[in-house]
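S.K.: File query-v2.cif below, mmCIF, C-alpha atoms and all ligand atoms:
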data_coords
loop_
_atom_site.group_PDB
_atom_site.id
_atom_site.type_symbol
_atom_site.label_atom_id
_atom_site.label_comp_id
_atom_site.auth_asym_id
_atom_site.auth_seq_id
_atom_site.Cartn_x
_atom_site.Cartn_y
_atom_site.Cartn_z
ATOM 1 C CA MET Y 1 -1.203 -30.145 -16.488
ATOM 2 C CA THR Y 2 -2.742 -26.713 -16.370
ATOM 3 C CA GLY Y 3 -2.225 -24.953 -13.084
ATOM 4 C CA LYS Y 4 -3.861 -21.956 -11.500
ATOM 5 C CA ILE Y 5 -2.113 -18.616 -11.138
ATOM 6 C CA TRP Y 6 -2.565 -16.788 -7.855
ATOM 7 C CA PHE Y 7 -1.884 -13.062 -7.603
ATOM 8 C CA VAL Y 8 -0.922 -12.854 -3.944
ATOM 9 C CA GLY Y 9 -0.488 -9.664 -1.949
ATOM 10 C CA ALA Y 10 2.795 -10.081 -0.068
ATOM 11 C CA GLY Y 11 1.986 -7.240 2.292
ATOM 12 C CA PRO Y 12 4.273 -4.256 2.831
ATOM 13 C CA GLY Y 13 7.549 -6.099 3.460
ATOM 14 C CA ASP Y 14 7.583 -7.832 6.821
ATOM 15 C CA PRO Y 15 7.196 -11.532 5.903
ATOM 16 C CA GLU Y 16 4.825 -11.904 8.865
ATOM 17 C CA LEU Y 17 2.385 -9.488 7.232
ATOM 18 C CA ILE Y 18 1.350 -11.809 4.431
ATOM 19 C CA THR Y 19 -2.084 -13.395 4.925
ATOM 20 C CA VAL Y 20 -2.422 -16.988 6.121
ATOM 21 C CA LYS Y 21 -3.897 -17.855 2.740
ATOM 22 C CA GLY Y 22 -1.045 -16.182 0.871
ATOM 23 C CA ARG Y 23 1.492 -18.073 2.934
ATOM 24 C CA ARG Y 24 -0.307 -21.363 2.374
ATOM 25 C CA LEU Y 25 -0.206 -20.777 -1.387
ATOM 26 C CA LEU Y 26 3.525 -19.982 -1.281
ATOM 27 C CA GLU Y 27 4.088 -23.204 0.662
ATOM 28 C CA ALA Y 28 2.256 -25.119 -2.082
ATOM 29 C CA ALA Y 29 3.753 -23.244 -5.039
ATOM 30 C CA GLY Y 30 5.642 -24.943 -7.853
ATOM 31 C CA ALA Y 31 6.737 -21.554 -9.169
ATOM 32 C CA ILE Y 32 6.847 -18.014 -7.772
ATOM 33 C CA LEU Y 33 7.358 -14.805 -9.721
ATOM 34 C CA PHE Y 34 8.001 -12.003 -7.244
ATOM 35 C CA ALA Y 35 8.156 -8.223 -7.671
ATOM 36 C CA GLY Y 36 11.740 -7.855 -6.520
ATOM 37 C CA SER Y 37 12.072 -4.102 -6.284
ATOM 38 C CA LEU Y 38 9.487 -3.982 -3.503
ATOM 39 C CA VAL Y 39 8.800 -7.469 -2.187
ATOM 40 C CA ASP Y 40 11.445 -8.410 0.304
ATOM 41 C CA GLN Y 41 13.113 -11.597 -0.836
ATOM 42 C CA ALA Y 42 12.244 -12.915 2.615
ATOM 43 C CA ALA Y 43 8.673 -13.173 1.345
ATOM 44 C CA THR Y 44 9.771 -16.146 -0.715
ATOM 45 C CA LEU Y 45 11.025 -17.823 2.431
ATOM 46 C CA TYR Y 46 7.836 -19.856 2.607
ATOM 47 C CA ALA Y 47 8.543 -21.500 -0.763
ATOM 48 C CA PRO Y 48 9.032 -25.270 -0.706
ATOM 49 C CA ALA Y 49 12.315 -26.897 -1.676
ATOM 50 C CA GLY Y 50 12.643 -27.177 -5.461
ATOM 51 C CA CYS Y 51 10.218 -24.312 -6.160
ATOM 52 C CA GLU Y 52 11.149 -22.206 -9.203
ATOM 53 C CA ILE Y 53 11.642 -18.638 -7.971
ATOM 54 C CA ARG Y 54 12.167 -15.686 -10.279
ATOM 55 C CA ASP Y 55 12.494 -11.953 -9.615
ATOM 56 C CA SER Y 56 10.436 -9.962 -12.132
ATOM 57 C CA LYS Y 57 12.364 -6.724 -11.578
ATOM 58 C CA ASP Y 58 13.988 -6.759 -15.047
ATOM 59 C CA MET Y 59 11.118 -8.351 -17.006
ATOM 60 C CA THR Y 60 8.604 -6.780 -19.396
ATOM 61 C CA LEU Y 61 4.896 -7.553 -19.113
ATOM 62 C CA GLU Y 62 5.180 -9.910 -22.094
ATOM 63 C CA GLU Y 63 8.072 -11.769 -20.496
ATOM 64 C CA MET Y 64 6.158 -12.097 -17.230
ATOM 65 C CA THR Y 65 3.094 -13.423 -19.026
ATOM 66 C CA ALA Y 66 5.207 -15.959 -20.920
ATOM 67 C CA TRP Y 67 6.926 -17.046 -17.683
ATOM 68 C CA LEU Y 68 3.605 -17.487 -15.845
ATOM 69 C CA LEU Y 69 2.021 -19.422 -18.726
ATOM 70 C CA ASP Y 70 5.042 -21.703 -18.962
ATOM 71 C CA ALA Y 71 4.997 -22.285 -15.187
ATOM 72 C CA ALA Y 72 1.255 -23.029 -15.214
ATOM 73 C CA ALA Y 73 1.852 -25.687 -17.850
ATOM 74 C CA ARG Y 74 4.088 -27.526 -15.384
ATOM 75 C CA HIS Y 75 2.772 -26.722 -11.888
ATOM 76 C CA ALA Y 76 -0.632 -26.880 -10.201
ATOM 77 C CA THR Y 77 -0.004 -23.765 -8.131
ATOM 78 C CA VAL Y 78 1.814 -20.717 -9.478
ATOM 79 C CA VAL Y 79 2.145 -17.512 -7.451
ATOM 80 C CA ARG Y 80 2.680 -13.996 -8.687
ATOM 81 C CA LEU Y 81 3.779 -12.271 -5.470
ATOM 82 C CA GLN Y 82 3.117 -8.540 -5.403
ATOM 83 C CA THR Y 83 3.829 -5.833 -2.918
ATOM 84 C CA GLY Y 84 1.061 -4.695 -0.584
ATOM 85 C CA ASP Y 85 -2.308 -5.392 -2.184
ATOM 86 C CA PRO Y 86 -2.322 -6.495 -5.841
ATOM 87 C CA GLY Y 87 -5.244 -4.198 -6.657
ATOM 88 C CA LEU Y 88 -3.324 -0.998 -5.941
ATOM 89 C CA TYR Y 89 -0.862 0.209 -8.603
ATOM 90 C CA GLY Y 90 -0.075 -3.404 -9.399
ATOM 91 C CA ALA Y 91 -0.745 -3.711 -13.161
ATOM 92 C CA LEU Y 92 -3.097 -6.531 -12.175
ATOM 93 C CA ILE Y 93 -5.484 -6.368 -15.093
ATOM 94 C CA GLU Y 94 -2.683 -6.054 -17.646
ATOM 95 C CA MET Y 95 -1.366 -9.348 -16.293
ATOM 96 C CA THR Y 96 -4.672 -11.209 -15.954
ATOM 97 C CA ARG Y 97 -6.106 -10.393 -19.387
ATOM 98 C CA PRO Y 98 -3.590 -12.460 -21.361
ATOM 99 C CA LEU Y 99 -4.101 -15.337 -18.897
ATOM 100 C CA THR Y 100 -7.851 -15.241 -19.437
ATOM 101 C CA ALA Y 101 -7.251 -15.096 -23.182
ATOM 102 C CA ALA Y 102 -5.049 -18.187 -22.861
ATOM 103 C CA GLY Y 103 -7.754 -19.995 -20.880
ATOM 104 C CA ILE Y 104 -5.726 -20.083 -17.639
ATOM 105 C CA GLU Y 105 -7.515 -19.885 -14.305
ATOM 106 C CA TRP Y 106 -6.397 -17.123 -11.945
ATOM 107 C CA ALA Y 107 -7.446 -15.535 -8.660
ATOM 108 C CA VAL Y 108 -6.352 -12.714 -6.356
ATOM 109 C CA VAL Y 109 -5.459 -12.910 -2.655
ATOM 110 C CA PRO Y 110 -5.535 -9.442 -1.070
ATOM 111 C CA GLY Y 111 -2.677 -8.061 0.983
ATOM 112 C CA VAL Y 112 -1.904 -5.411 3.598
ATOM 113 C CA SER Y 113 -1.242 -2.249 1.635
ATOM 114 C CA SER Y 114 1.768 -0.079 2.422
ATOM 115 C CA ALA Y 115 -0.666 2.775 3.103
ATOM 116 C CA LEU Y 116 -2.000 0.841 6.093
ATOM 117 C CA ALA Y 117 1.424 -0.388 7.175
ATOM 118 C CA SER Y 118 2.799 3.159 7.086
ATOM 119 C CA ALA Y 119 0.058 4.487 9.357
ATOM 120 C CA ALA Y 120 0.594 1.519 11.666
ATOM 121 C CA ALA Y 121 4.373 2.054 11.788
ATOM 122 C CA ALA Y 122 3.867 5.614 12.984
ATOM 123 C CA GLY Y 123 1.046 4.755 15.399
ATOM 124 C CA GLU Y 124 -1.311 7.000 13.454
ATOM 125 C CA THR Y 125 -4.973 6.559 12.532
ATOM 126 C CA LEU Y 126 -6.293 7.384 9.063
ATOM 127 C CA THR Y 127 -9.781 8.289 10.293
ATOM 128 C CA LEU Y 128 -10.962 10.139 13.387
ATOM 129 C CA PRO Y 129 -14.501 11.076 14.453
ATOM 130 C CA GLU Y 130 -15.401 14.642 13.493
ATOM 131 C CA VAL Y 131 -11.963 15.169 11.908
ATOM 132 C CA THR Y 132 -12.053 13.025 8.812
ATOM 133 C CA GLN Y 133 -13.945 9.866 7.904
ATOM 134 C CA THR Y 134 -12.484 9.470 4.449
ATOM 135 C CA VAL Y 135 -9.203 8.166 3.038
ATOM 136 C CA ILE Y 136 -8.032 8.875 -0.492
ATOM 137 C CA LEU Y 137 -5.394 6.588 -2.005
ATOM 138 C CA THR Y 138 -3.693 8.483 -4.779
ATOM 139 C CA ARG Y 139 -0.451 9.574 -6.423
ATOM 140 C CA VAL Y 140 0.762 12.574 -8.363
ATOM 141 C CA ALA Y 141 1.411 12.468 -12.074
ATOM 142 C CA GLY Y 142 4.786 11.068 -13.009
ATOM 143 C CA ARG Y 143 5.227 9.267 -16.293
ATOM 144 C CA THR Y 144 1.658 8.040 -15.664
ATOM 145 C CA PRO Y 145 -0.657 11.043 -16.090
ATOM 146 C CA MET Y 146 -3.542 11.648 -13.678
ATOM 147 C CA PRO Y 147 -7.059 11.349 -15.120
ATOM 148 C CA PRO Y 148 -8.901 14.710 -15.284
ATOM 149 C CA GLY Y 149 -10.375 15.744 -11.930
ATOM 150 C CA GLU Y 150 -7.892 13.667 -9.904
ATOM 151 C CA GLU Y 151 -5.155 16.270 -9.599
ATOM 152 C CA LEU Y 152 -3.845 16.281 -6.018
ATOM 153 C CA GLU Y 153 -4.891 19.890 -5.619
ATOM 154 C CA ALA Y 154 -8.524 18.945 -6.346
ATOM 155 C CA LEU Y 155 -8.484 15.892 -4.057
ATOM 156 C CA ALA Y 156 -6.782 17.830 -1.258
ATOM 157 C CA ALA Y 157 -9.637 20.346 -1.260
ATOM 158 C CA HIS Y 158 -11.705 17.714 0.590
ATOM 159 C CA ARG Y 159 -9.372 17.936 3.630
ATOM 160 C CA THR Y 160 -9.475 14.167 4.094
ATOM 161 C CA THR Y 161 -6.611 11.780 4.710
ATOM 162 C CA LEU Y 162 -4.411 11.431 1.616
ATOM 163 C CA CYS Y 163 -2.161 8.418 1.189
ATOM 164 C CA ILE Y 164 0.126 9.325 -1.670
ATOM 165 C CA PHE Y 165 1.899 6.454 -3.424
ATOM 166 C CA LEU Y 166 4.737 6.551 -5.967
ATOM 167 C CA SER Y 167 5.439 10.223 -5.393
ATOM 168 C CA ILE Y 168 8.407 10.588 -3.059
ATOM 169 C CA THR Y 169 10.571 12.075 -5.831
ATOM 170 C CA LEU Y 170 7.770 14.564 -6.498
ATOM 171 C CA LEU Y 171 7.465 15.964 -2.963
ATOM 172 C CA HIS Y 172 7.746 19.512 -4.328
ATOM 173 C CA GLU Y 173 4.585 18.840 -6.344
ATOM 174 C CA VAL Y 174 2.814 17.444 -3.265
ATOM 175 C CA GLN Y 175 3.813 20.554 -1.321
ATOM 176 C CA ARG Y 176 2.583 22.842 -4.098
ATOM 177 C CA ALA Y 177 -0.758 21.043 -4.489
ATOM 178 C CA LEU Y 178 -1.567 20.971 -0.754
ATOM 179 C CA LEU Y 179 -0.734 24.657 -0.310
ATOM 180 C CA ALA Y 180 -2.766 25.553 -3.413
ATOM 181 C CA ALA Y 181 -5.702 23.632 -1.899
ATOM 182 C CA GLY Y 182 -5.476 25.790 1.223
ATOM 183 C CA TRP Y 183 -3.600 23.509 3.629
ATOM 184 C CA ALA Y 184 -1.406 25.410 6.104
ATOM 185 C CA GLU Y 185 2.367 25.400 5.690
ATOM 186 C CA ASP Y 186 2.688 23.881 9.152
ATOM 187 C CA ALA Y 187 0.154 21.097 8.480
ATOM 188 C CA PRO Y 188 1.720 17.782 9.493
ATOM 189 C CA ILE Y 189 2.994 15.279 6.914
ATOM 190 C CA LEU Y 190 4.259 11.788 7.493
ATOM 191 C CA VAL Y 191 6.680 9.909 5.267
ATOM 192 C CA VAL Y 192 7.438 6.248 5.876
ATOM 193 C CA GLN Y 193 10.093 4.428 3.884
ATOM 194 C CA LYS Y 194 10.063 0.644 3.736
ATOM 195 C CA ALA Y 195 7.242 0.421 6.255
ATOM 196 C CA SER Y 196 7.458 -2.871 8.169
ATOM 197 C CA TRP Y 197 10.742 -4.021 6.556
ATOM 198 C CA PRO Y 198 12.684 -5.501 9.448
ATOM 199 C CA GLY Y 199 15.570 -3.178 10.327
ATOM 200 C CA GLU Y 200 15.027 -0.862 7.344
ATOM 201 C CA GLU Y 201 11.929 1.164 8.138
ATOM 202 C CA LYS Y 202 12.349 4.952 8.359
ATOM 203 C CA ILE Y 203 9.706 7.306 9.737
ATOM 204 C CA VAL Y 204 9.942 11.022 9.037
ATOM 205 C CA ARG Y 205 7.517 13.516 10.507
ATOM 206 C CA GLY Y 206 7.423 17.059 9.244
ATOM 207 C CA THR Y 207 5.217 19.814 7.914
ATOM 208 C CA ILE Y 208 4.286 20.717 4.379
ATOM 209 C CA ALA Y 209 7.007 23.368 4.549
ATOM 210 C CA ASP Y 210 9.887 21.202 5.771
ATOM 211 C CA ILE Y 211 9.117 17.609 4.784
ATOM 212 C CA LYS Y 212 11.173 17.719 1.605
ATOM 213 C CA LYS Y 213 14.316 18.892 3.405
ATOM 214 C CA LYS Y 214 13.830 16.289 6.113
ATOM 215 C CA CYS Y 215 13.469 13.491 3.568
ATOM 216 C CA GLN Y 216 16.569 14.672 1.721
ATOM 217 C CA ALA Y 217 18.485 14.660 5.004
ATOM 218 C CA GLU Y 218 17.359 11.054 5.551
ATOM 219 C CA LYS Y 219 18.225 10.199 1.896
ATOM 220 C CA ILE Y 220 14.701 8.973 1.202
ATOM 221 C CA ALA Y 221 14.175 8.839 -2.553
ATOM 222 C CA ALA Y 222 12.217 5.613 -3.137
ATOM 223 C CA GLN Y 223 9.884 3.036 -1.561
ATOM 224 C CA ALA Y 224 8.149 5.620 0.573
ATOM 225 C CA MET Y 225 4.561 6.511 1.445
ATOM 226 C CA ILE Y 226 3.482 10.112 1.967
ATOM 227 C CA ILE Y 227 0.523 10.628 4.288
ATOM 228 C CA ALA Y 228 -1.083 14.037 4.649
ATOM 229 C CA SER Y 229 -3.948 14.050 7.092
ATOM 230 C CA PRO Y 230 -5.738 16.227 9.621
ATOM 231 C CA THR Y 231 -5.535 13.187 11.956
ATOM 232 C CA LEU Y 232 -1.724 13.161 12.209
ATOM 233 C CA GLY Y 233 -0.423 13.680 15.707
ATOM 234 C CA ALA Y 234 -3.813 13.051 17.324
ATOM 235 C CA ALA Y 235 -2.180 10.875 19.971
ATOM 236 C CA ASP Y 236 -0.859 14.096 21.524
ATOM 237 C CA TRP Y 237 -3.902 16.341 21.160
ATOM 238 C CA PRO Y 238 -5.380 17.671 24.414
ATOM 239 C CA GLU Y 239 -8.984 17.182 23.202
ATOM 240 C CA LEU Y 240 -10.484 14.465 21.095
ATOM 241 C CA ALA Y 241 -14.040 13.752 19.968
ATOM 242 C CA ARG Y 242 -14.926 10.266 21.153
ATOM 243 C CA SER Y 243 -15.772 7.448 18.846
ATOM 244 C CA LYS Y 244 -19.505 6.754 19.243
ATOM 245 C CA LEU Y 245 -18.911 3.037 19.126
ATOM 246 C CA TYR Y 246 -17.223 2.970 22.548
ATOM 247 C CA ASP Y 247 -19.083 5.887 24.115
ATOM 248 C CA PRO Y 248 -20.970 4.791 27.265
ATOM 249 C CA SER Y 249 -23.979 6.931 26.249
ATOM 250 C CA PHE Y 250 -24.361 5.322 22.835
ATOM 251 C CA SER Y 251 -26.344 2.135 22.237
ATOM 252 C CA HIS Y 252 -25.736 -0.142 19.304
ATOM 253 C CA ARG Y 253 -26.507 -3.650 18.169
ATOM 254 C CA PHE Y 254 -24.083 -5.277 20.623
ATOM 255 C CA ARG Y 255 -24.266 -3.006 23.648
ATOM 256 C CA ARG Y 256 -26.860 -0.988 25.568
ATOM 257 C CA ALA Y 257 -26.012 2.549 26.690
ATOM 258 C CA SER Y 258 -25.018 2.685 30.342
ATOM 259 C CA GLU Y 259 -25.472 6.425 30.830
HETATM 260 N N1 LIG Y 301 0.386 -2.518 -4.192
HETATM 261 C C1 LIG Y 301 1.239 -1.726 -3.331
HETATM 262 C C2 LIG Y 301 1.646 -0.420 -3.981
HETATM 263 C C3 LIG Y 301 2.559 -0.595 -5.167
HETATM 264 S S1 LIG Y 301 3.070 0.914 -5.875
HETATM 265 C C4 LIG Y 301 0.552 -1.512 -1.983
HETATM 266 O O1 LIG Y 301 -0.628 -1.855 -1.825
HETATM 267 O O2 LIG Y 301 1.207 -1.034 -1.063
HETATM 268 C C5 LIG Y 301 4.617 1.195 -5.119
HETATM 269 C C6 LIG Y 301 4.528 2.316 -4.109
HETATM 270 O O3 LIG Y 301 3.952 1.806 -2.914
HETATM 271 C C7 LIG Y 301 5.859 2.905 -3.686
HETATM 272 O O4 LIG Y 301 6.244 3.942 -4.546
HETATM 273 C C8 LIG Y 301 5.547 3.454 -2.313
HETATM 274 O O5 LIG Y 301 4.846 4.683 -2.418
HETATM 275 C C9 LIG Y 301 4.563 2.418 -1.805
HETATM 276 N N2 LIG Y 301 5.190 1.368 -0.992
HETATM 277 C C10 LIG Y 301 5.283 0.056 -1.283
HETATM 278 N N3 LIG Y 301 5.838 -0.628 -0.255
HETATM 279 C C11 LIG Y 301 6.083 0.295 0.709
HETATM 280 C C12 LIG Y 301 6.606 0.221 2.038
HETATM 281 N N4 LIG Y 301 6.970 -0.938 2.590
HETATM 282 N N5 LIG Y 301 6.693 1.373 2.755
HETATM 283 C C13 LIG Y 301 6.290 2.550 2.233
HETATM 284 N N6 LIG Y 301 5.781 2.665 0.997
HETATM 285 C C14 LIG Y 301 5.679 1.566 0.242
#
Written as structure tokens, that's how I'd like the structure from this file.
Ligand code: SAH

M.R.:
Amino acid sequence: MTGKIWFVGAGPGDPELITVKGRRLLEAAGAILFAGSLVDQAATLYAPAGCEIRDSKDMTLEEMTAWLLDAAARHATVVRLQTGDPGLYGALIEMTRPLTAAGIEWAVVPGVSSALASAAAAGETLTLPEVTQTVILTRVAGRTPMPPGEELEALAAHRTTLCIFLSITLLHEVQRALLAAGWAEDAPILVVQKASWPGEEKIVRGTIADIKKKCQAEKIAAQAMIIASPTLGAADWPELARSKLYDPSFSHRFRRASE
């Protein structure tokens, strides 16, 4: 038997935020390799009785590849369950290349990224008419360097929404880069830890100046999304440009203007 390996986005943590397709694959899986440091074990709750389930937290890439190949030799459906969406900071291609080389079929099922779940948790929007219409998903350099031109300071110069992954221990660098790009010290910043994890989510709102202190006070040092955006707090603004789509004076394909 040669099975197929599915790279499934588990979503941000809440087991209800996996896609219907992802859940169906888990229910059919003979083996599941899950990213234990970030995928809530509850995500494996859809696995059938007798399914082989392994946490990849302590495995190297080579060990994971060997495990997946071995599982595919014995099961029709094998799932590699990854946090959020597999195409974001998920080492996807490093994992699929050896499978292709071994002649194993694989496919990807997208997932709800933690960037989206974090905005949702806080009731924030990532885009707003006439404020920003662009979202940048990025990180700051840790052990993985940033390619030239992608330094946070350069990206922040666009004044768009920035969803900053993998950087909560580098908040000082985020602060420095935003200020150097001309953002105000009192510009709002949102940090969400374990967005959507039942009972474990933490939401911290602050400014560039005080966000680090606030996160330290909340003991947030991992599994957190940083969102810097000119849209933050818009729910409480006195004035807001309307979205054209719902404006009575604006016609579009599905609706004629009424005014
Ligand atoms: N593929 C994932 C990202 C993996 S990188 C996705 O699409 O979300 C890991 C980083 O994602 C963490 O450092 C953190 O910045 C973020 N992250 C993952 N899950 C999160 C969650 N539930 N809440 C907040 N941030 C999360």

S.K.: To verify the selection step, state as a PyMOL selection string which residues the PyMOL selection byres (((not hetatm)) within 7 of (chain Y and resi 301)) yields on this input.

M.R.: chain Y and resi 12-13+38+82-90+112-115+118+164-168+192-197+222-225

S.K.: Which polymer residues have any atom within 9 Å of an atom of Ala241 (chain Y), counting all atoms listed in the file, with same-chain residues fewer than 4 positions away left out, as JSON, numbers by chain?

M.R.: {"Y": [128, 129, 130, 131]}

S.K.: What's the separation between CA of Lys202 (chain Y) and CA of Ile226 (chain Y), in Å to one decimal place?

M.R.: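 CA of Ile226 (chain Y) lies at a distance of 12.1 Å from CA of Lys202 (chain Y).
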
S.K.: I'd like the residues picked by the PyMOL selection byres (((chain Y and resi 60-68) around 9) and not hetatm) written out as an MDAnalysis selection string, using the chain letters and numbers from the file.

M.R.: chainID Y and resid 5 31:33 56:59 69:73 78:80 94:96 98:99

S.K.: Quick one: apply the PyMOL selection byres (((chain Y and resi 180-182) around 6) and not hetatm) to the file and drop the selected residues here as JSON, numbers by chain.

M.R.: {"Y": [153, 156, 157, 177, 178, 179, 183]}

S.K.: Taking into account only C-alpha atoms, which residue in the set Y:Ala119, Y:Cys51, Y:Ala76, Y:Val140 is nearest to Thr2 (chain Y)?

M.R.: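 When distances to Thr2 (chain Y) are compared using only C-alpha atoms, the smallest one comes from Y:Ala76.
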
S.K.: Between CA of Pro238 (chain Y) and CA of Thr127 (chain Y), what is the distance, to one decimal in Å?

M.R.: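 Interatomic distance, CA of Pro238 (chain Y) to CA of Thr127 (chain Y): 17.5 Å.
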
S.K.: To one decimal place, how far is CA of Leu25 (chain Y) from CA of Thr100 (chain Y) in Å?

M.R.: 20.4 Å

S.K.: Which is closest to Gly103 (chain Y) among Y:Thr134, Y:Gly3, Y:His158, Y:His75, if we use all atoms listed in the file?

M.R.: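 Looking at the shortest contact to Gly103 (chain Y), the residue is Y:Gly3.
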
S.K.: Pick the closest to Thr169 (chain Y) from Y:Leu17, Y:Ala209, Y:Ala141, Y:Leu232: which is it, counting only C-alpha atoms?

M.R.: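 Of the candidates, the smallest distance to Thr169 (chain Y) is held by Y:Ala141.
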
S.K.: Using all atoms listed in the file, can you tell me which of Y:Pro15, Y:Pro145, Y:Gly199, Y:Pro188 comes closest to Thr161 (chain Y)?

M.R.: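 Selected residue with least distance to Thr161 (chain Y): Y:Pro188.
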
S.K.: Compile the contact shell of Ala257 (chain Y) as number ranges by chain: residues with an atom at most 10 Å away, counting all atoms listed in the file, same-chain residues fewer than 2 positions apart removed.

M.R.: Y: 246-252, 255, 259
